[in-house]
$ cat coords.cif   # mmCIF, N, CA and C atoms
data_work
#
loop_
_atom_site.label_atom_id
_atom_site.label_comp_id
_atom_site.auth_asym_id
_atom_site.auth_seq_id
_atom_site.Cartn_x
_atom_site.Cartn_y
_atom_site.Cartn_z
N MET A 1 288.91 -48.37 -88.20
CA MET A 1 287.53 -48.61 -87.85
C MET A 1 287.31 -50.12 -87.67
N ILE A 2 286.66 -50.46 -86.58
CA ILE A 2 286.42 -51.85 -86.22
C ILE A 2 284.93 -52.16 -86.43
N PRO A 3 284.62 -53.26 -87.15
CA PRO A 3 283.21 -53.63 -87.31
C PRO A 3 282.56 -53.92 -85.95
N ARG A 4 281.37 -53.42 -85.76
CA ARG A 4 280.67 -53.56 -84.48
C ARG A 4 280.44 -55.03 -84.13
N ASP A 5 280.10 -55.86 -85.10
CA ASP A 5 279.85 -57.28 -84.84
C ASP A 5 281.11 -57.99 -84.35
N HIS A 6 282.25 -57.63 -84.90
CA HIS A 6 283.52 -58.21 -84.47
C HIS A 6 283.81 -57.81 -83.01
N PHE A 7 283.52 -56.58 -82.68
CA PHE A 7 283.71 -56.08 -81.32
C PHE A 7 282.77 -56.79 -80.34
N LYS A 8 281.53 -56.99 -80.74
CA LYS A 8 280.56 -57.69 -79.87
C LYS A 8 281.03 -59.11 -79.57
N ASN A 9 281.59 -59.78 -80.55
CA ASN A 9 282.11 -61.13 -80.32
C ASN A 9 283.24 -61.11 -79.30
N LYS A 10 284.08 -60.10 -79.36
CA LYS A 10 285.19 -59.98 -78.41
C LYS A 10 284.68 -59.76 -76.99
N ILE A 11 283.73 -58.85 -76.81
CA ILE A 11 283.27 -58.61 -75.44
C ILE A 11 282.48 -59.79 -74.90
N ARG A 12 281.84 -60.56 -75.77
CA ARG A 12 281.19 -61.79 -75.31
C ARG A 12 282.23 -62.77 -74.76
N SER A 13 283.38 -62.85 -75.44
CA SER A 13 284.43 -63.75 -74.98
C SER A 13 285.04 -63.29 -73.66
N LEU A 14 284.87 -62.01 -73.32
CA LEU A 14 285.38 -61.46 -72.06
C LEU A 14 284.37 -61.63 -70.92
N GLY A 15 283.22 -62.21 -71.20
CA GLY A 15 282.24 -62.47 -70.16
C GLY A 15 281.10 -61.48 -70.08
N TYR A 16 280.98 -60.60 -71.06
CA TYR A 16 279.88 -59.63 -71.07
C TYR A 16 278.70 -60.22 -71.83
N SER A 17 277.50 -59.87 -71.41
CA SER A 17 276.30 -60.32 -72.10
C SER A 17 275.38 -59.12 -72.32
N PHE A 18 274.56 -59.23 -73.36
CA PHE A 18 273.64 -58.15 -73.71
C PHE A 18 272.65 -57.94 -72.59
N LYS A 19 272.45 -56.68 -72.19
CA LYS A 19 271.52 -56.35 -71.11
C LYS A 19 270.26 -55.66 -71.65
N SER A 20 270.46 -54.54 -72.37
CA SER A 20 269.30 -53.82 -72.90
C SER A 20 269.71 -52.94 -74.07
N GLN A 21 268.71 -52.51 -74.81
CA GLN A 21 268.95 -51.66 -75.97
C GLN A 21 268.29 -50.31 -75.73
N ARG A 22 269.01 -49.26 -76.00
CA ARG A 22 268.49 -47.90 -75.89
C ARG A 22 268.40 -47.32 -77.29
N LYS A 23 268.10 -46.03 -77.37
CA LYS A 23 267.90 -45.40 -78.67
C LYS A 23 269.17 -45.44 -79.52
N ARG A 24 270.32 -45.12 -78.94
CA ARG A 24 271.56 -45.03 -79.71
C ARG A 24 272.67 -45.96 -79.23
N ILE A 25 272.44 -46.67 -78.14
CA ILE A 25 273.46 -47.56 -77.60
C ILE A 25 272.85 -48.88 -77.12
N SER A 26 273.70 -49.88 -76.98
CA SER A 26 273.33 -51.14 -76.34
C SER A 26 274.14 -51.23 -75.06
N LEU A 27 273.52 -51.72 -74.01
CA LEU A 27 274.21 -51.91 -72.74
C LEU A 27 274.58 -53.38 -72.59
N TRP A 28 275.82 -53.62 -72.21
CA TRP A 28 276.34 -54.96 -71.97
C TRP A 28 276.82 -55.01 -70.53
N ARG A 29 276.55 -56.13 -69.86
CA ARG A 29 276.92 -56.27 -68.45
C ARG A 29 277.77 -57.52 -68.27
N LYS A 30 278.80 -57.40 -67.44
CA LYS A 30 279.66 -58.54 -67.17
C LYS A 30 278.99 -59.45 -66.16
N SER A 31 279.00 -60.73 -66.44
CA SER A 31 278.36 -61.71 -65.57
C SER A 31 279.03 -61.73 -64.20
N GLY A 32 278.22 -61.68 -63.15
CA GLY A 32 278.74 -61.73 -61.79
C GLY A 32 279.39 -60.44 -61.33
N SER A 33 279.14 -59.36 -62.01
CA SER A 33 279.78 -58.09 -61.69
C SER A 33 278.79 -56.95 -61.93
N THR A 34 279.18 -55.77 -61.51
CA THR A 34 278.36 -54.59 -61.79
C THR A 34 278.92 -53.79 -62.96
N ALA A 35 279.96 -54.31 -63.62
CA ALA A 35 280.58 -53.62 -64.74
C ALA A 35 279.61 -53.57 -65.92
N VAL A 36 279.42 -52.37 -66.45
CA VAL A 36 278.52 -52.16 -67.58
C VAL A 36 279.28 -51.46 -68.69
N MET A 37 279.01 -51.85 -69.93
CA MET A 37 279.67 -51.27 -71.10
C MET A 37 278.60 -50.81 -72.08
N SER A 38 278.76 -49.63 -72.63
CA SER A 38 277.81 -49.16 -73.65
C SER A 38 278.49 -49.22 -75.02
N VAL A 39 277.74 -49.75 -75.99
CA VAL A 39 278.25 -49.91 -77.35
C VAL A 39 277.33 -49.15 -78.29
N PRO A 40 277.86 -48.16 -79.02
CA PRO A 40 277.02 -47.37 -79.93
C PRO A 40 276.45 -48.22 -81.07
N HIS A 41 275.32 -47.77 -81.61
CA HIS A 41 274.66 -48.46 -82.72
C HIS A 41 275.19 -47.95 -84.06
N THR A 42 276.47 -48.01 -84.25
CA THR A 42 277.06 -47.64 -85.53
C THR A 42 277.63 -48.90 -86.16
N LYS A 43 277.79 -48.89 -87.47
CA LYS A 43 278.29 -50.07 -88.16
C LYS A 43 279.76 -50.31 -87.83
N PHE A 44 280.52 -49.23 -87.66
CA PHE A 44 281.94 -49.33 -87.33
C PHE A 44 282.24 -48.49 -86.10
N LEU A 45 283.21 -48.94 -85.30
CA LEU A 45 283.61 -48.24 -84.09
C LEU A 45 285.03 -47.70 -84.26
N GLU A 46 285.27 -46.54 -83.69
CA GLU A 46 286.59 -45.92 -83.75
C GLU A 46 287.62 -46.76 -83.00
N ASP A 47 288.85 -46.78 -83.51
CA ASP A 47 289.92 -47.54 -82.87
C ASP A 47 290.17 -47.08 -81.44
N GLU A 48 290.17 -45.79 -81.21
CA GLU A 48 290.45 -45.25 -79.87
C GLU A 48 289.36 -45.65 -78.88
N TYR A 49 288.11 -45.69 -79.32
CA TYR A 49 287.02 -46.14 -78.45
C TYR A 49 287.22 -47.60 -78.07
N VAL A 50 287.55 -48.42 -79.06
CA VAL A 50 287.75 -49.85 -78.83
C VAL A 50 288.92 -50.07 -77.87
N LYS A 51 290.02 -49.36 -78.07
CA LYS A 51 291.17 -49.49 -77.17
C LYS A 51 290.79 -49.13 -75.75
N SER A 52 290.08 -48.04 -75.60
CA SER A 52 289.70 -47.57 -74.27
C SER A 52 288.79 -48.56 -73.56
N VAL A 53 287.78 -49.04 -74.24
CA VAL A 53 286.81 -49.94 -73.63
C VAL A 53 287.45 -51.28 -73.29
N LEU A 54 288.26 -51.82 -74.20
CA LEU A 54 288.90 -53.10 -73.91
C LEU A 54 289.90 -52.99 -72.78
N ARG A 55 290.58 -51.86 -72.68
CA ARG A 55 291.53 -51.66 -71.58
C ARG A 55 290.77 -51.64 -70.25
N GLN A 56 289.63 -50.99 -70.21
CA GLN A 56 288.82 -50.96 -68.99
C GLN A 56 288.24 -52.34 -68.67
N ALA A 57 288.05 -53.17 -69.70
CA ALA A 57 287.51 -54.51 -69.50
C ALA A 57 288.58 -55.49 -69.01
N GLY A 58 289.84 -55.06 -69.00
CA GLY A 58 290.91 -55.90 -68.46
C GLY A 58 291.84 -56.52 -69.47
N CYS A 59 291.75 -56.14 -70.72
CA CYS A 59 292.66 -56.68 -71.73
C CYS A 59 294.02 -56.00 -71.64
N THR A 60 295.06 -56.73 -71.99
CA THR A 60 296.40 -56.15 -72.02
C THR A 60 296.58 -55.39 -73.33
N LYS A 61 297.63 -54.59 -73.38
CA LYS A 61 297.91 -53.79 -74.58
C LYS A 61 298.17 -54.71 -75.77
N GLU A 62 298.86 -55.81 -75.55
CA GLU A 62 299.17 -56.75 -76.63
C GLU A 62 297.89 -57.41 -77.17
N GLU A 63 296.98 -57.78 -76.28
CA GLU A 63 295.72 -58.38 -76.70
C GLU A 63 294.90 -57.40 -77.52
N ILE A 64 294.89 -56.14 -77.10
CA ILE A 64 294.14 -55.12 -77.81
C ILE A 64 294.70 -54.90 -79.21
N GLU A 65 296.01 -54.79 -79.31
CA GLU A 65 296.65 -54.57 -80.61
C GLU A 65 296.40 -55.76 -81.54
N ALA A 66 296.46 -56.98 -80.99
CA ALA A 66 296.19 -58.18 -81.80
C ALA A 66 294.74 -58.20 -82.28
N PHE A 67 293.82 -57.80 -81.41
CA PHE A 67 292.41 -57.75 -81.79
C PHE A 67 292.17 -56.74 -82.91
N ILE A 68 292.73 -55.57 -82.79
CA ILE A 68 292.55 -54.53 -83.81
C ILE A 68 293.16 -54.96 -85.13
N ALA A 69 294.34 -55.59 -85.07
CA ALA A 69 294.98 -56.07 -86.30
C ALA A 69 294.13 -57.14 -86.98
N SER A 70 293.54 -58.04 -86.19
CA SER A 70 292.72 -59.10 -86.78
C SER A 70 291.41 -58.55 -87.33
N ALA A 71 290.91 -57.48 -86.73
CA ALA A 71 289.66 -56.89 -87.19
C ALA A 71 289.84 -56.16 -88.52
N LYS A 72 291.03 -55.66 -88.75
CA LYS A 72 291.27 -54.89 -89.98
C LYS A 72 291.70 -55.76 -91.14
N SER A 73 292.01 -57.02 -90.88
CA SER A 73 292.46 -57.89 -91.99
C SER A 73 291.32 -58.63 -92.63
#
$ encode --input "coords.cif" --output "structure tokens"
Amino acid sequence: MIPRDHFKNKIRSLGYSFKSQRKRISLWRKSGSTAVMSVPHTKFLEDEYVKSVLRQAGCTKEEIEAFIASAKS
């Protein structure tokens, strides 16, 4: 499980910024693009969700594994 705040910091570093808040999710949009990411309003995020979203955002497998390892330590 990855803390949501740690994940938000990572997607900010990838160029995403907060767009709007809905009832159960927050929408993040990449600057200069139409790419949109939804982040649930839970305290912790599942590892598989984080892997999937970061892969779609353009991170390599090594970057994702390093991020997850740093989030759990």
$ atom_distance --input "coords.cif" --atom1 "atom CA of Lys23 of chain A" --atom2 "atom CA of Val39 of chain A"
11.4 Å
$ residues_around --input "coords.cif" --residues "Glu46 of chain A" --least-positions-apart "6" --cutoff "8 Å" --atoms "only N, CA and C atoms" --output "list in words"
Met1, Ile2, Pro3 and Ser52 of chain A
$ atom_distance --input "coords.cif" --atom1 "atom N of Ser31 of chain A" --atom2 "atom N of Arg55 of chain A"
15.9 Å
$ resolve_selection --input "coords.cif" --expression "the PyMOL selection byres (((chain A and resi 27 and name CA) around 7) and name CA)" --output "JSON, numbers by chain"
{"A": [18, 19, 20, 21, 25, 26, 28, 29, 36, 37, 38, 39]}
$ atom_distance --input "coords.cif" --atom1 "atom N of Ala71 of chain A" --atom2 "atom CA of Thr42 of chain A"
17.0 Å
$ select_by_dssp --input "coords.cif" --residues "segment 1-68 of chain A" --states "strand (DSSP E or B)" --output "list in words"
Ile2, Pro3, Tyr16, Ser17, Phe18, Lys19, Ser20, Gln21, Ile25, Ser26, Leu27, Trp28, Arg29, Lys30, Val36, Met37, Ser38, Val39, Pro40, Phe44 and Leu45 of chain A
$ closest_residue --input "coords.cif" --among "A:Val53, A:Ala66, A:Leu45, A:Ala35" --to "Asp5 of chain A" --atoms "only N, CA and C atoms"
A:Leu45
